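To start, the structure itself, in C-alpha cells.
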Amino acid sequence: MRAVIAEDSVLLRVGLVKVLEMAGFEVVAETGDAEGLLAAVEEHRPELALVDVRMPPGFTDEGVRAALMIRQESPGTAVLLLSQYVEERYAADLLATQTRAGVGYLLKQRVADVEEFIDAVRRVAAGGTALDPQVVAQLLLRRGGGSDPLGRLTPREREVLALMAEGRSNAGIAAELVVSESAVAKHINSIFAKLDLPPADGDHRRVLAVLRFLDGTP
C-alpha cells in the first residue's frame with residue numbers, strides 16, 4: 001500500500017517513514033504542511049494519509065481541515081490523524097464525515113509502541129478504525145448521562161464497547177480483559193441489543209456502527 005505523511009517535525013516524520021516502510025507500506029510522499037499534503041494526495045492517490053493535526057502556518061487545525069477535504073474528495077484514501085494532546089472535537093469532526101471507513105485518531109505517544117501502532121495503521125488502511133483510548137474515554141463520558149441508551153450498559157459492557165471503538169478484535173478484547181472470546185461475543189450481542197444497533201458482518205463494520213452511536217448520529 002502507498003502512503004503519504006504530513007508532519008512538520010522532521011525527526012518524527014523520519015521515524016514515521018521508517019515505521020511505515022517496516023510495515024510494508026511504500027511512502028510515496030512526505031511533507032510538513034497541509035498544502036503539500038493535499039497536493040501529494042491528488043498526485044499519488046495513496047491508500048493511506050498519516051496527518052498531524054497542527055501544522056504550519058497557524059499550528060491550529062490545518063491537518064484536520066486537510067483530512068476532511070481528503071475524505072470528501074478522495075474517499076479511497078484512509079486517514080489517520082496524529083495529535084500531541086486529546087482534542088475530542090477534532091475526532092468528532094472526522095467521525096462526522098459521511099465516509100467513516102478508514103479513519104483513525106491517535107495520540108503521538110502511541111507511535112512509541114511500534115507493534116501496536118503498526119496494527120492501528122494497518123487496520124485504518126484496510127478500511128477499519130482506530131481511536132485513541134483517551135479519546136474513547138471522553139466520548140463515553142460525554143454520552144453517558146441522562147436518558148442516553150449508553151446508561152443501559154453494564155460496567156463490563158462499557159469496557160467492551162470502549163475496546164470495540166478503539167478497533168480491537170474479539171480476540172484482542174478477550175486478551176485485554178482476560179476473559180474468553182465467547183464471553184466477549186455475548187457482551188457484544190448484548191451491547192447491540194441495548195443500543196438498538198443491528199448486528200453487522202465484519203469487524204470494521206461493527207466498529208463503525210458503534211462509532212455512529214458514540215458520535216450521536218443516526
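Residues are named by chain letter and number: chains run A, B, ... in the order of the C-alpha cells, numbers start at 1 in each chain, and ligands are numbered from 1 in the order shown.
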- Apply DSSP to the structure's backbone, then extract all residues of segment 5-167 of chain A labelled helix (DSSP H, G or I) and return them as a PyMOL selection string. chain A and resi 10-22+34-44+62-73+88-95+108-112+114-125+133-142+149-152+155-166
- Item | Selected residue of minimal separation from Ala130 of chain A among A:Pro155, A:Ala171, A:Leu81, A:Val160, counting only C-alpha atoms | A:Leu81
- Item | Spatial neighbours of Lys18 of chain A, max dist 12 Å, only C-alpha atoms, sep filter under 3 positions, as a PyMOL selection string | chain A and resi 5+11-15+21-27+30+111+114+118
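Considering the residues A:Val10, A:Val135, A:Ala3, A:Ala29 and counting only C-alpha atoms, Leu80 of chain A has its shortest atom-to-atom contact with A:Ala3.
Taking only C-alpha atoms into account, Arg71 of chain A lies nearest to A:Leu38 out of the set A:Leu38, A:Met1, A:Ile188, A:Gly128.
Considering the residues A:Ala91, A:Glu42, A:Asp61, A:Asp113 and counting only C-alpha atoms, Gln138 of chain A has its shortest atom-to-atom contact with A:Ala91.
Shortest atom-to-atom contact with Leu139 of chain A among A:Gly58, A:Val79, A:Val51, A:Leu161: A:Leu161, counting only C-alpha atoms.
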- Message: Excluding Gly102 of chain A and its own-chain neighbours fewer than 2 positions away, which residues fall within 6 Å of it when counting only C-alpha atoms? Please give them as a list in words.
- Response: Ala78, Val124, Ala125, Gly127, Gly128 and Thr129 of chain A
- Message: Counting only C-alpha atoms, which residue out of A:Glu47, A:Leu197, A:Val121, A:Leu82 sits closest to Gln109 of chain A?
- Response: A:Leu82
Need to verify the contact set: Gly167 of chain A, 8 Å, only C-alpha atoms, exclusion of same-chain residues closer than 3 positions in sequence. Can you return it as a compact mmCIF listing (two decimals) with N, CA, C and O atoms, in the first residue's frame?
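selection_4.txt was written with the following content:
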```txt
# COMPACT_ATOMS: atom_id res chain seq x y z
N ALA A 120 -2.61 -0.53 14.32
CA ALA A 120 -3.63 0.50 14.12
C ALA A 120 -3.57 1.06 12.70
O ALA A 120 -4.61 1.27 12.05
N ARG A 123 -5.02 -1.42 10.28
CA ARG A 123 -6.46 -1.52 10.44
C ARG A 123 -7.16 -0.36 9.73
O ARG A 123 -8.16 -0.57 9.03
N GLY A 128 -10.80 -0.03 8.37
CA GLY A 128 -11.31 -0.06 9.73
C GLY A 128 -11.11 1.26 10.45
O GLY A 128 -10.96 2.31 9.82
N THR A 129 -11.10 1.20 11.76
CA THR A 129 -10.97 2.42 12.56
C THR A 129 -9.96 2.20 13.66
O THR A 129 -9.66 1.07 14.06
N ALA A 130 -9.42 3.31 14.18
CA ALA A 130 -8.51 3.25 15.31
C ALA A 130 -8.65 4.56 16.08
O ALA A 130 -8.23 5.61 15.60
N LEU A 131 -9.27 4.49 17.24
CA LEU A 131 -9.41 5.67 18.09
C LEU A 131 -8.55 5.50 19.32
O LEU A 131 -8.51 4.42 19.92
N LEU A 163 -13.30 -0.78 24.00
CA LEU A 163 -12.28 -1.51 23.24
C LEU A 163 -12.72 -1.74 21.80
O LEU A 163 -11.91 -1.71 20.87
N MET A 164 -14.02 -1.94 21.58
CA MET A 164 -14.53 -2.05 20.22
C MET A 164 -14.30 -0.75 19.46
O MET A 164 -13.89 -0.75 18.30
N HIS A 204 -14.78 -4.29 11.14
CA HIS A 204 -14.74 -2.84 10.99
C HIS A 204 -16.13 -2.26 10.85
O HIS A 204 -16.40 -1.16 11.30
N VAL A 207 -17.48 -1.87 14.33
CA VAL A 207 -16.89 -0.71 14.99
C VAL A 207 -17.51 0.57 14.48
O VAL A 207 -17.81 1.49 15.24
```
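For segment 22-211 of chain A, a DSSP pass over the backbone yields strand (DSSP E or B) at Glu26, Val27, Val28, Ala29, Glu30, Thr31, Leu48, Ala49, Leu50, Val51, Asp52, Ala78, Val79, Leu80, Leu81, Leu82, Ser83, Val103, Gly104, Tyr105, Leu106, Leu107, Thr129, Ala130 and Leu131 of chain A.
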Output the selection as a CSV table (one decimal), in the first residue's frame - N, CA and C atoms for each residue.
```csv
chain,number,residue,atom,x,y,z
A,26,GLU,N,4.6,1.7,1.1
A,26,GLU,CA,5.5,2.5,0.3
A,26,GLU,C,5.2,3.9,0.5
A,27,VAL,N,6.1,4.7,1.1
A,27,VAL,CA,5.8,6.1,1.4
A,27,VAL,C,6.2,6.9,0.1
A,28,VAL,N,5.1,7.3,-0.6
A,28,VAL,CA,5.3,8.0,-1.9
A,28,VAL,C,5.5,9.5,-1.8
A,29,ALA,N,5.2,10.0,-0.6
A,29,ALA,CA,5.5,11.5,-0.4
A,29,ALA,C,5.4,11.8,1.1
A,30,GLU,N,6.2,12.8,1.5
A,30,GLU,CA,6.2,13.3,2.9
A,30,GLU,C,6.3,14.8,2.8
A,31,THR,N,5.6,15.5,3.7
A,31,THR,CA,5.5,16.9,3.7
A,31,THR,C,5.3,17.5,5.1
A,48,LEU,N,-3.3,5.5,2.1
A,48,LEU,CA,-3.3,6.0,3.5
A,48,LEU,C,-2.6,7.4,3.5
A,49,ALA,N,-3.2,8.2,4.4
A,49,ALA,CA,-2.6,9.5,4.7
A,49,ALA,C,-2.4,9.6,6.2
A,50,LEU,N,-1.2,9.8,6.6
A,50,LEU,CA,-0.9,10.0,8.1
A,50,LEU,C,-0.7,11.5,8.3
A,51,VAL,N,-1.6,12.1,9.1
A,51,VAL,CA,-1.7,13.5,9.1
A,51,VAL,C,-1.6,14.1,10.6
A,52,ASP,N,-0.7,15.1,10.7
A,52,ASP,CA,-0.5,15.8,12.0
A,52,ASP,C,-1.7,16.8,12.1
A,78,ALA,N,-7.6,6.3,3.1
A,78,ALA,CA,-7.8,6.3,4.6
A,78,ALA,C,-7.0,7.4,5.2
A,79,VAL,N,-7.5,7.9,6.3
A,79,VAL,CA,-6.8,9.0,7.0
A,79,VAL,C,-6.6,8.7,8.5
A,80,LEU,N,-5.4,8.8,9.0
A,80,LEU,CA,-5.1,8.6,10.4
A,80,LEU,C,-4.5,9.9,10.9
A,81,LEU,N,-5.2,10.6,11.8
A,81,LEU,CA,-4.8,11.8,12.4
A,81,LEU,C,-3.9,11.5,13.6
A,82,LEU,N,-2.8,12.3,13.8
A,82,LEU,CA,-2.0,12.2,14.9
A,82,LEU,C,-2.0,13.5,15.7
A,83,SER,N,-2.1,13.5,17.0
A,83,SER,CA,-2.2,14.7,17.8
A,83,SER,C,-1.3,14.6,19.0
A,103,VAL,N,-10.7,5.5,9.1
A,103,VAL,CA,-10.4,6.7,9.8
A,103,VAL,C,-9.8,6.4,11.1
A,104,GLY,N,-8.9,7.2,11.6
A,104,GLY,CA,-8.3,7.0,12.9
A,104,GLY,C,-7.8,8.3,13.5
A,105,TYR,N,-7.7,8.3,14.9
A,105,TYR,CA,-7.2,9.4,15.6
A,105,TYR,C,-6.4,8.9,16.8
A,106,LEU,N,-5.1,9.1,16.8
A,106,LEU,CA,-4.2,8.6,17.8
A,106,LEU,C,-3.4,9.7,18.4
A,107,LEU,N,-3.0,9.6,19.6
A,107,LEU,CA,-2.0,10.4,20.2
A,107,LEU,C,-0.6,10.0,19.7
A,129,THR,N,-11.1,1.2,11.8
A,129,THR,CA,-11.0,2.4,12.6
A,129,THR,C,-10.0,2.2,13.7
A,130,ALA,N,-9.4,3.3,14.2
A,130,ALA,CA,-8.5,3.3,15.3
A,130,ALA,C,-8.6,4.6,16.1
A,131,LEU,N,-9.3,4.5,17.2
A,131,LEU,CA,-9.4,5.7,18.1
A,131,LEU,C,-8.5,5.5,19.3
```
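Within the 10 Å cut-off around Phe59 of chain A, using only C-alpha atoms and omitting residues fewer than 6 positions from it on the same chain, the listed residues are A:Asp8, A:Asp33, A:Asp52, A:Val53.
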Write out, as a compact mmCIF listing (two decimals), in the first residue's frame, the residues just selected, with N, CA and C atoms.
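Contents of again-v9.txt, freshly written:
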```txt
# COMPACT_ATOMS: atom_id res chain seq x y z
N ASP A 8 5.11 18.21 10.54
CA ASP A 8 6.09 19.29 10.45
C ASP A 8 7.37 19.01 11.24
N ASP A 33 3.41 20.41 5.67
CA ASP A 33 2.27 21.31 5.77
C ASP A 33 1.07 20.75 5.03
N ASP A 52 -0.66 15.06 10.75
CA ASP A 52 -0.55 15.79 12.01
C ASP A 52 -1.71 16.76 12.11
N VAL A 53 -2.33 16.85 13.29
CA VAL A 53 -3.47 17.76 13.49
C VAL A 53 -3.06 19.22 13.29
```
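Here atom CA of Ala34 of chain A stands at a distance of 5.8 Å from atom CA of Gly63 of chain A.
Between atom CA of Ala6 of chain A and atom CA of Pro56 of chain A lies a distance of 10.7 Å.
The space between atom CA of Leu141 of chain A and atom CA of Val86 of chain A spans 13.9 Å.
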